[in-house]
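Enquirer: Below is the file model_35.csv, with CSV, C-alpha atoms.
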chain,number,residue,atom,x,y,z
A,1153,MET,CA,50.5,22.7,22.0
A,1154,ILE,CA,47.6,21.2,24.0
A,1155,TYR,CA,44.6,23.4,24.7
A,1156,GLU,CA,41.6,23.0,27.0
A,1157,PHE,CA,38.3,24.1,25.5
A,1158,LYS,CA,35.1,24.6,27.4
A,1159,GLY,CA,36.4,22.4,30.2
A,1160,TYR,CA,37.6,19.5,28.0
A,1161,THR,CA,41.3,18.8,28.2
A,1162,PRO,CA,42.9,16.5,25.7
A,1163,VAL,CA,44.1,13.1,27.0
A,1164,VAL,CA,47.5,12.0,25.6
A,1165,HIS,CA,49.1,8.7,26.6
A,1166,GLU,CA,52.7,9.3,27.9
A,1167,SER,CA,54.1,7.1,25.2
A,1168,SER,CA,52.7,9.3,22.4
A,1169,PHE,CA,54.3,12.4,21.0
A,1170,VAL,CA,52.6,15.6,20.0
A,1171,HIS,CA,55.0,18.0,18.3
A,1172,PRO,CA,55.1,21.4,19.9
A,1173,LEU,CA,54.0,23.0,16.6
A,1174,ALA,CA,50.8,20.9,16.5
A,1175,ALA,CA,47.6,22.0,18.1
A,1176,VAL,CA,45.4,19.5,20.0
A,1177,THR,CA,42.2,21.1,21.3
A,1178,GLY,CA,39.4,20.0,23.6
A,1179,ASN,CA,37.8,16.5,23.7
A,1180,VAL,CA,40.6,14.5,22.1
A,1181,ILE,CA,41.8,11.1,23.4
A,1182,ILE,CA,45.2,9.9,22.0
A,1183,GLY,CA,46.2,6.3,22.8
A,1184,LYS,CA,49.6,4.7,23.1
A,1185,ASN,CA,52.5,5.2,20.6
A,1186,CYS,CA,50.8,7.8,18.5
A,1187,TYR,CA,52.7,10.5,16.6
A,1188,ILE,CA,51.3,13.9,15.8
A,1189,GLY,CA,53.4,15.9,13.5
A,1190,PRO,CA,54.2,19.7,13.3
A,1191,GLY,CA,51.4,21.8,11.9
A,1192,ALA,CA,48.7,19.1,12.6
A,1193,ALA,CA,45.4,20.4,14.0
A,1194,ILE,CA,43.2,18.0,15.9
A,1195,ARG,CA,40.1,20.0,17.0
A,1196,GLY,CA,37.9,18.4,19.5
A,1197,ASP,CA,36.0,21.6,20.1
A,1198,TRP,CA,32.6,20.5,18.7
A,1199,GLY,CA,32.8,16.7,19.3
A,1200,GLN,CA,35.1,13.9,20.5
A,1201,ILE,CA,38.1,12.7,18.5
A,1202,ILE,CA,39.6,9.3,19.5
A,1203,LEU,CA,43.0,8.2,18.2
A,1204,GLU,CA,43.5,4.5,19.1
A,1205,ASP,CA,46.9,3.0,19.7
A,1206,GLY,CA,49.6,3.5,17.1
A,1207,VAL,CA,47.9,6.1,15.0
A,1208,ASN,CA,50.0,8.7,13.2
A,1209,VAL,CA,48.8,12.1,12.0
A,1210,GLN,CA,51.5,13.7,10.0
A,1211,GLU,CA,52.5,17.3,9.2
A,1212,ASN,CA,49.8,19.8,8.4
A,1213,CYS,CA,46.9,17.4,8.7
A,1214,THR,CA,43.5,18.6,10.0
A,1215,ILE,CA,41.0,16.5,11.9
A,1216,HIS,CA,37.7,18.1,12.7
A,1217,MET,CA,33.9,17.6,12.3
A,1218,PHE,CA,30.5,19.3,12.4
A,1219,PRO,CA,29.0,20.0,15.8
A,1220,GLY,CA,27.7,17.0,17.8
A,1221,LYS,CA,29.7,14.4,15.8
A,1222,SER,CA,32.4,12.1,17.2
A,1223,ILE,CA,35.0,10.2,15.2
A,1224,THR,CA,37.5,7.4,15.7
A,1225,LEU,CA,40.8,6.7,14.0
A,1226,LYS,CA,41.3,3.1,14.8
A,1227,ALA,CA,44.5,1.4,15.8
A,1228,SER,CA,47.5,1.9,13.4
A,1229,ALA,CA,45.6,4.3,11.1
A,1230,HIS,CA,48.2,6.2,9.1
A,1231,VAL,CA,47.3,9.8,8.0
A,1232,GLY,CA,49.7,11.2,5.4
A,1233,HIS,CA,51.0,14.7,5.1
A,1234,GLY,CA,48.4,17.4,4.6
A,1235,ALA,CA,45.4,15.2,4.7
A,1236,ILE,CA,42.0,16.4,6.0
A,1237,ILE,CA,39.7,14.1,7.9
A,1238,HIS,CA,36.4,16.0,8.4
A,1239,GLY,CA,33.9,14.0,10.4
A,1240,ALA,CA,35.0,10.6,9.0
A,1241,ASN,CA,36.0,7.4,10.8
A,1242,LEU,CA,39.1,5.5,9.8
A,1243,GLY,CA,39.5,1.7,10.0
A,1244,ARG,CA,42.2,-0.3,11.6
A,1245,ASN,CA,45.6,-0.2,9.9
A,1246,CYS,CA,44.4,1.9,7.0
A,1247,LEU,CA,46.6,4.4,5.0
A,1248,ILE,CA,45.3,7.8,4.0
A,1249,GLY,CA,47.5,9.3,1.3
A,1250,MET,CA,49.0,12.8,1.3
A,1251,ASN,CA,46.6,15.7,0.7
A,1252,THR,CA,43.6,13.4,0.7
A,1253,VAL,CA,40.3,14.9,1.8
A,1254,ILE,CA,37.7,12.6,3.5
A,1255,MET,CA,34.3,14.2,4.2
A,1256,ASP,CA,31.7,13.8,6.9
A,1257,ASP,CA,30.2,10.4,7.9
A,1258,ALA,CA,32.5,8.6,5.5
A,1259,GLU,CA,33.8,5.2,6.7
A,1260,ILE,CA,37.1,3.9,5.6
A,1261,GLY,CA,37.4,0.1,6.0
A,1262,ASP,CA,40.1,-1.7,7.9
A,1263,GLU,CA,43.4,-2.2,6.0
A,1264,SER,CA,42.3,0.1,3.1
A,1265,ILE,CA,44.7,2.3,1.2
A,1266,VAL,CA,43.6,5.7,-0.1
A,1267,GLY,CA,45.8,7.2,-2.7
A,1268,ALA,CA,47.3,10.6,-2.5
A,1269,MET,CA,45.0,13.6,-3.3
A,1270,ALA,CA,41.9,11.5,-3.3
A,1271,PHE,CA,38.6,13.1,-2.5
A,1272,ILE,CA,36.1,10.9,-0.6
A,1273,LYS,CA,32.6,12.4,-0.6
A,1274,ALA,CA,30.4,12.5,2.5
A,1275,GLU,CA,28.7,9.3,3.6
A,1276,THR,CA,30.9,7.1,1.4
A,1277,ILE,CA,31.4,3.6,2.8
A,1278,ILE,CA,34.7,2.1,1.7
A,1279,PRO,CA,34.8,-1.7,2.3
A,1280,LYS,CA,37.8,-3.2,4.1
A,1281,ARG,CA,41.0,-3.9,2.2
A,1282,SER,CA,40.1,-1.5,-0.7
A,1283,LEU,CA,42.5,0.5,-2.8
A,1284,VAL,CA,40.9,3.9,-3.4
A,1285,VAL,CA,42.1,6.6,-5.8
A,1286,GLY,CA,40.8,9.7,-7.6
A,1287,ASN,CA,38.4,12.7,-7.3
A,1288,PRO,CA,35.8,11.6,-6.7
A,1289,ALA,CA,37.4,8.6,-5.2
A,1290,LYS,CA,36.7,5.1,-6.5
A,1291,VAL,CA,37.6,1.6,-5.3
A,1292,ILE,CA,39.9,0.2,-8.1
A,1293,LYS,CA,40.9,-3.1,-6.5
A,1294,GLN,CA,41.5,-5.0,-3.3
A,1295,VAL,CA,44.6,-4.5,-1.2
A,1296,SER,CA,47.0,-7.4,-1.5
A,1297,ASP,CA,48.8,-9.1,1.3
A,1298,GLU,CA,52.1,-7.6,0.0
A,1299,MET,CA,50.6,-4.0,-0.1
A,1300,ILE,CA,49.3,-4.2,3.5
A,1301,ALA,CA,52.6,-5.7,4.7
A,1302,TRP,CA,54.4,-2.7,3.2
A,1303,LYS,CA,52.0,-0.3,4.7
A,1304,THR,CA,52.2,-2.0,8.1
A,1305,LYS,CA,56.0,-1.8,8.0
A,1306,GLY,CA,55.9,1.9,7.3
A,1307,THR,CA,53.5,2.5,10.1
A,1308,GLN,CA,55.7,0.7,12.5
A,1309,LEU,CA,58.4,3.4,11.8
A,1310,TYR,CA,55.9,6.0,12.9
A,1311,GLN,CA,55.0,4.0,16.0
A,1312,GLN,CA,58.7,4.0,16.9
A,1313,LEU,CA,59.0,7.8,16.2
A,1314,PRO,CA,57.3,9.0,19.4
A,1315,LYS,CA,60.0,7.3,21.5
A,1316,ASP,CA,62.7,8.6,19.3
A,1317,CYS,CA,61.3,12.1,19.6
A,1318,HIS,CA,61.0,11.9,23.4
A,1319,ASP,CA,64.6,10.6,23.5
A,1320,THR,CA,66.4,12.8,21.0
A,1321,LEU,CA,64.3,15.8,19.7
A,1322,LYS,CA,65.4,19.1,21.0
A,1323,ALA,CA,65.5,22.7,19.9
A,1324,VAL,CA,69.0,23.8,18.9
A,1325,GLU,CA,70.8,26.5,17.0
A,1326,PRO,CA,71.8,25.4,13.5
A,1327,LEU,CA,75.3,24.5,12.6
A,1328,ARG,CA,77.1,26.9,10.2
A,1329,GLU,CA,79.1,24.2,8.4
A,1330,VAL,CA,78.5,20.6,7.4
A,1331,PRO,CA,80.5,18.3,9.8
A,1332,GLU,CA,83.1,16.1,8.1
A,1333,ASN,CA,81.7,13.0,9.8
A,1334,MET,CA,78.0,13.6,8.9
A,1335,THR,CA,76.4,10.4,7.5
A,1336,MET,CA,73.1,9.5,6.0
A,1337,GLN,CA,70.4,7.8,8.1
A,1338,GLU,CA,70.2,4.0,7.7
A,1339,GLU,CA,67.7,2.6,5.3
A,1340,ALA,CA,64.8,1.6,7.5
A,1341,TYR,CA,62.6,-0.4,5.1
A,1342,LYS,CA,62.2,-1.2,1.4
A,1343,THR,CA,60.4,1.3,-0.8
A,1344,LEU,CA,57.1,0.4,-2.4
A,1345,ARG,CA,58.9,0.0,-5.7
A,1346,ASP,CA,61.4,-2.5,-4.2
A,1347,THR,CA,58.6,-4.4,-2.4
A,1348,PHE,CA,56.8,-5.1,-5.6
A,1349,LYS,CA,59.9,-6.1,-7.5
A,1350,THR,CA,60.4,-9.1,-5.1
So that I can check it, write out the structure of this file as C-alpha coordinates.

Expert:
Amino acid sequence: MIYEFKGYTPVVHESSFVHPLAAVTGNVIIGKNCYIGPGAAIRGDWGQIILEDGVNVQENCTIHMFPGKSITLKASAHVGHGAIIHGANLGRNCLIGMNTVIMDDAEIGDESIVGAMAFIKAETIIPKRSLVVGNPAKVIKQVSDEMIAWKTKGTQLYQQLPKDCHDTLKAVEPLREVPENMTMQEEAYKTLRDTFKT
(Lines of atoms letter the chains of each structure in order from A and count residues from 1; the text may use other names and numbers.)
(Lines give C-alpha, C1' and ligand atoms only; values in the text may rest on other atoms or scores of the structure.)
Protein backbone atom coordinates (compact mmCIF):
# COMPACT_ATOMS: atom_id res chain seq x y z
CA MET A 1 0.00 0.00 0.00
CA ILE A 2 1.04 3.57 -0.67
CA TYR A 3 0.31 6.14 2.03
CA GLU A 4 0.39 9.93 2.02
CA PHE A 5 1.74 11.41 5.24
CA LYS A 6 1.60 15.11 6.22
CA GLY A 7 1.10 16.07 2.60
CA TYR A 8 3.94 13.90 1.23
CA THR A 9 2.85 11.29 -1.30
CA PRO A 10 5.38 8.67 -2.41
CA VAL A 11 6.61 8.86 -6.00
CA VAL A 12 6.94 5.45 -7.69
CA HIS A 13 8.07 5.11 -11.30
CA GLU A 14 5.56 3.14 -13.35
CA SER A 15 8.17 0.49 -14.23
CA SER A 16 8.68 -0.36 -10.54
CA PHE A 17 6.59 -2.77 -8.49
CA VAL A 18 5.47 -2.30 -4.90
CA HIS A 19 3.80 -5.43 -3.56
CA PRO A 20 0.32 -4.76 -2.14
CA LEU A 21 1.47 -6.15 1.22
CA ALA A 22 4.35 -3.65 1.45
CA ALA A 23 3.90 -0.20 3.03
CA VAL A 24 5.49 2.87 1.42
CA THR A 25 4.77 6.02 3.39
CA GLY A 26 5.38 9.73 2.88
CA ASN A 27 8.48 11.32 1.36
CA VAL A 28 9.75 8.35 -0.65
CA ILE A 29 11.01 8.46 -4.23
CA ILE A 30 11.34 5.13 -6.05
CA GLY A 31 13.14 5.12 -9.41
CA LYS A 32 12.85 2.81 -12.41
CA ASN A 33 12.75 -1.01 -12.29
CA CYS A 34 12.71 -1.24 -8.50
CA TYR A 35 11.13 -4.16 -6.63
CA ILE A 36 9.59 -3.79 -3.16
CA GLY A 37 8.62 -7.15 -1.67
CA PRO A 38 5.71 -8.10 0.60
CA GLY A 39 6.09 -7.05 4.21
CA ALA A 40 8.64 -4.34 3.40
CA ALA A 41 8.15 -1.01 5.20
CA ILE A 42 9.69 2.12 3.69
CA ARG A 43 8.84 4.97 6.04
CA GLY A 44 9.45 8.45 4.72
CA ASP A 45 7.50 10.00 7.59
CA TRP A 46 10.45 11.76 9.27
CA GLY A 47 12.78 12.30 6.30
CA GLN A 48 13.25 11.59 2.61
CA ILE A 49 14.13 8.14 1.28
CA ILE A 50 15.39 7.85 -2.29
CA LEU A 51 15.68 4.53 -4.10
CA GLU A 52 17.58 5.04 -7.33
CA ASP A 53 16.97 2.92 -10.42
CA GLY A 54 17.13 -0.86 -10.13
CA VAL A 55 17.07 -1.10 -6.31
CA ASN A 56 15.35 -4.07 -4.70
CA VAL A 57 14.05 -4.17 -1.14
CA GLN A 58 13.00 -7.72 -0.37
CA GLU A 59 10.43 -9.25 1.97
CA ASN A 60 10.12 -7.91 5.53
CA CYS A 61 12.80 -5.22 5.20
CA THR A 62 12.54 -1.92 7.09
CA ILE A 63 13.93 1.37 5.82
CA HIS A 64 13.61 4.30 8.22
CA MET A 65 15.63 7.01 10.00
CA PHE A 66 15.71 9.50 12.86
CA PRO A 67 13.79 12.77 12.29
CA GLY A 68 15.39 15.24 9.88
CA LYS A 69 17.61 12.72 8.13
CA SER A 70 17.44 11.76 4.47
CA ILE A 71 18.96 8.65 2.90
CA THR A 72 19.70 7.26 -0.53
CA LEU A 73 19.92 3.70 -1.77
CA LYS A 74 21.98 4.13 -4.92
CA ALA A 75 21.36 2.41 -8.24
CA SER A 76 21.17 -1.40 -8.15
CA ALA A 77 21.48 -1.66 -4.36
CA HIS A 78 20.19 -5.10 -3.31
CA VAL A 79 18.62 -5.40 0.16
CA GLY A 80 18.12 -9.01 1.26
CA HIS A 81 15.15 -10.48 3.12
CA GLY A 82 14.54 -9.07 6.59
CA ALA A 83 17.30 -6.44 6.56
CA ILE A 84 16.95 -3.16 8.47
CA ILE A 85 18.43 0.03 7.06
CA HIS A 86 18.06 2.75 9.69
CA GLY A 87 19.35 6.12 8.53
CA ALA A 88 22.18 4.65 6.43
CA ASN A 89 23.18 5.29 2.82
CA LEU A 90 23.84 2.39 0.46
CA GLY A 91 26.33 2.60 -2.40
CA ARG A 92 25.79 1.66 -6.02
CA ASN A 93 25.45 -2.07 -6.78
CA CYS A 94 26.02 -3.17 -3.19
CA LEU A 95 24.48 -6.27 -1.61
CA ILE A 96 23.04 -6.24 1.90
CA GLY A 97 22.63 -9.77 3.23
CA MET A 98 19.54 -11.21 4.86
CA ASN A 99 18.69 -9.98 8.38
CA THR A 100 21.51 -7.47 8.38
CA VAL A 101 21.10 -4.32 10.49
CA ILE A 102 22.77 -1.09 9.35
CA MET A 103 22.54 1.84 11.75
CA ASP A 104 22.34 5.61 11.43
CA ASP A 105 24.83 7.62 9.37
CA ALA A 106 26.64 4.49 8.20
CA GLU A 107 27.85 4.59 4.60
CA ILE A 108 28.17 1.41 2.56
CA GLY A 109 30.60 1.81 -0.34
CA ASP A 110 29.82 1.02 -3.97
CA GLU A 111 29.94 -2.68 -4.91
CA SER A 112 30.36 -3.81 -1.32
CA ILE A 113 28.87 -7.08 -0.08
CA VAL A 114 27.59 -7.27 3.50
CA GLY A 115 27.10 -10.82 4.76
CA ALA A 116 23.85 -12.11 6.23
CA MET A 117 23.09 -11.14 9.85
CA ALA A 118 25.86 -8.54 10.03
CA PHE A 119 25.48 -5.58 12.39
CA ILE A 120 26.97 -2.31 11.18
CA LYS A 121 27.28 0.29 13.92
CA ALA A 122 26.21 3.91 13.51
CA GLU A 123 28.61 6.18 11.60
CA THR A 124 30.61 3.27 10.19
CA ILE A 125 32.16 4.01 6.80
CA ILE A 126 32.62 0.93 4.61
CA PRO A 127 34.99 1.53 1.68
CA LYS A 128 33.89 0.54 -1.80
CA ARG A 129 34.28 -3.10 -2.88
CA SER A 130 34.50 -4.40 0.71
CA LEU A 131 33.32 -7.80 1.93
CA VAL A 132 31.82 -7.24 5.39
CA VAL A 133 30.70 -9.83 7.95
CA GLY A 134 30.00 -10.24 11.65
CA ASN A 135 28.57 -8.52 14.72
CA PRO A 136 30.03 -5.98 15.03
CA ALA A 137 30.75 -6.04 11.31
CA LYS A 138 34.32 -6.04 10.00
CA VAL A 139 35.80 -5.74 6.54
CA ILE A 140 37.51 -9.06 5.86
CA LYS A 141 38.68 -8.58 2.28
CA GLN A 142 38.02 -6.86 -1.02
CA VAL A 143 35.21 -7.99 -3.31
CA SER A 144 36.60 -9.77 -6.39
CA ASP A 145 35.46 -9.20 -9.96
CA GLU A 146 33.87 -12.67 -9.88
CA MET A 147 31.91 -11.89 -6.71
CA ILE A 148 30.55 -8.61 -8.04
CA ALA A 149 29.67 -10.25 -11.36
CA TRP A 150 27.64 -12.89 -9.46
CA LYS A 151 25.93 -10.20 -7.36
CA THR A 152 25.13 -8.11 -10.44
CA LYS A 153 23.58 -11.12 -12.18
CA GLY A 154 21.36 -11.82 -9.18
CA THR A 155 20.27 -8.18 -9.00
CA GLN A 156 19.36 -8.26 -12.70
CA LEU A 157 16.77 -10.92 -11.85
CA TYR A 158 15.21 -8.53 -9.34
CA GLN A 159 15.28 -5.76 -11.95
CA GLN A 160 13.26 -8.02 -14.27
CA LEU A 161 10.88 -8.99 -11.47
CA PRO A 162 8.81 -5.75 -11.49
CA LYS A 163 7.81 -6.34 -15.13
CA ASP A 164 7.08 -10.00 -14.43
CA CYS A 165 4.88 -8.99 -11.47
CA HIS A 166 3.03 -6.35 -13.49
CA ASP A 167 2.46 -8.90 -16.27
CA THR A 168 1.58 -12.06 -14.32
CA LEU A 169 1.03 -11.56 -10.57
CA LYS A 170 -2.62 -11.82 -9.55
CA ALA A 171 -4.62 -12.87 -6.52
CA VAL A 172 -6.20 -16.31 -7.03
CA GLU A 173 -7.85 -19.13 -5.15
CA PRO A 174 -5.43 -22.04 -4.53
CA LEU A 175 -5.57 -25.24 -6.54
CA ARG A 176 -6.67 -28.26 -4.53
CA GLU A 177 -4.50 -30.80 -6.38
CA VAL A 178 -1.10 -30.65 -8.07
CA PRO A 179 -1.55 -30.48 -11.87
CA GLU A 180 0.06 -33.37 -13.74
CA ASN A 181 1.85 -30.95 -16.09
CA MET A 182 3.39 -28.76 -13.37
CA THR A 183 7.11 -28.12 -14.03
CA MET A 184 9.93 -26.43 -12.13
CA GLN A 185 11.02 -22.90 -12.98
CA GLU A 186 14.03 -22.68 -15.28
CA GLU A 187 17.43 -22.18 -13.70
CA ALA A 188 18.05 -18.47 -14.08
CA TYR A 189 21.69 -18.17 -13.02
CA LYS A 190 24.49 -20.10 -11.40
CA THR A 191 24.59 -20.35 -7.65
CA LEU A 192 27.43 -18.72 -5.76
CA ARG A 193 28.99 -22.15 -5.20
CA ASP A 194 28.92 -22.90 -8.92
CA THR A 195 30.33 -19.48 -9.78
CA PHE A 196 33.42 -20.03 -7.62
CA LYS A 197 34.00 -23.56 -8.98
CA THR A 198 34.67 -22.22 -12.47

Enquirer: Could you check which of A:Trp1198, A:Phe1271, A:Phe1169, A:Phe1218 is closest to A:Cys1186, using all atoms listed in the file?

Expert: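 Checking each of A:Trp1198, A:Phe1271, A:Phe1169, A:Phe1218 against A:Cys1186, counting all atoms listed in the file, the winner is A:Phe1169.
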
Enquirer: Find the residue from A:Glu1263, A:Asp1316, A:Glu1338, A:Glu1156 that sits nearest to A:His1230; use all atoms listed in the file when measuring.

Expert: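 Of A:Glu1263, A:Asp1316, A:Glu1338, A:Glu1156, the one nearest A:His1230, counting all atoms listed in the file, is A:Glu1263.
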
Enquirer: Can you tell me how far atom CA of A:Gly1183 sits from atom CA of A:Met1153, in Å to one decimal?

Expert: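 Between these atoms lies a distance of 17.0 Å.
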
Enquirer: Considering all atoms listed in the file, can you say which of A:Leu1327, A:Ala1235, A:Leu1313, A:Ile1202 comes closest to A:Thr1214?

Expert: A:Ala1235

Enquirer: Would you please work out which residue, of A:His1233, A:Asn1185, A:Leu1247, A:Thr1252, is nearest to A:Ile1300 when using all atoms listed in the file?

Expert: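 Nearest to A:Ile1300: A:Leu1247.
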
Enquirer: Here is a test: counting only C-alpha atoms, which residue of A:Ser1167, A:Gly1243, A:Thr1161, A:Gly1306 is nearest to A:Ser1282?

Expert: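 Ranking A:Ser1167, A:Gly1243, A:Thr1161, A:Gly1306 by distance to A:Ser1282, first place goes to A:Gly1243.
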
Enquirer: Enter the distance from atom CA of A:Gly1234 to atom CA of A:Glu1325, in Å, rounded to one decimal.

Expert: 27.2 Å

Enquirer: I need the residue nearest A:Ala1301 from this list: A:Leu1203, A:Met1217, A:Cys1246, A:Ala1193. Use only C-alpha atoms for the distance.

Expert: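 Closest to A:Ala1301, using only C-alpha atoms: A:Cys1246.
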
Enquirer: How many Å separate atom CA of A:Asp1262 from atom CA of A:Asn1287?

Expert: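 Atom CA of A:Asn1287 lies 21.0 Å from atom CA of A:Asp1262.
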
Enquirer: Set the distance at 8 Å and use all atoms listed in the file: which residues neighbour A:Arg1281 once local chain neighbours fewer than 6 positions away are removed? I'd like the list as a VMD selection string.

Expert: chain A and resid 1261 to 1265 1294 to 1296

Enquirer: When you look at A:Lys1221 with a cut-off of 12 Å (counting all atoms listed in the file), what residues show up, excluding the ones that are within fewer than 4 positions of it in the same chain? I need them as an MDAnalysis selection string.

Expert: chainID A and resid 1179 1195:1202 1216:1217 1238:1241 1256:1257

Enquirer: Neighbouring residues of A:Lys1273 were defined as those with any atom within 7 Å, considering all atoms listed in the file; residues of the same chain fewer than 3 positions away were excluded. Please report them as a PyMOL selection string.

Expert: chain A and resi 1254-1255+1276+1288
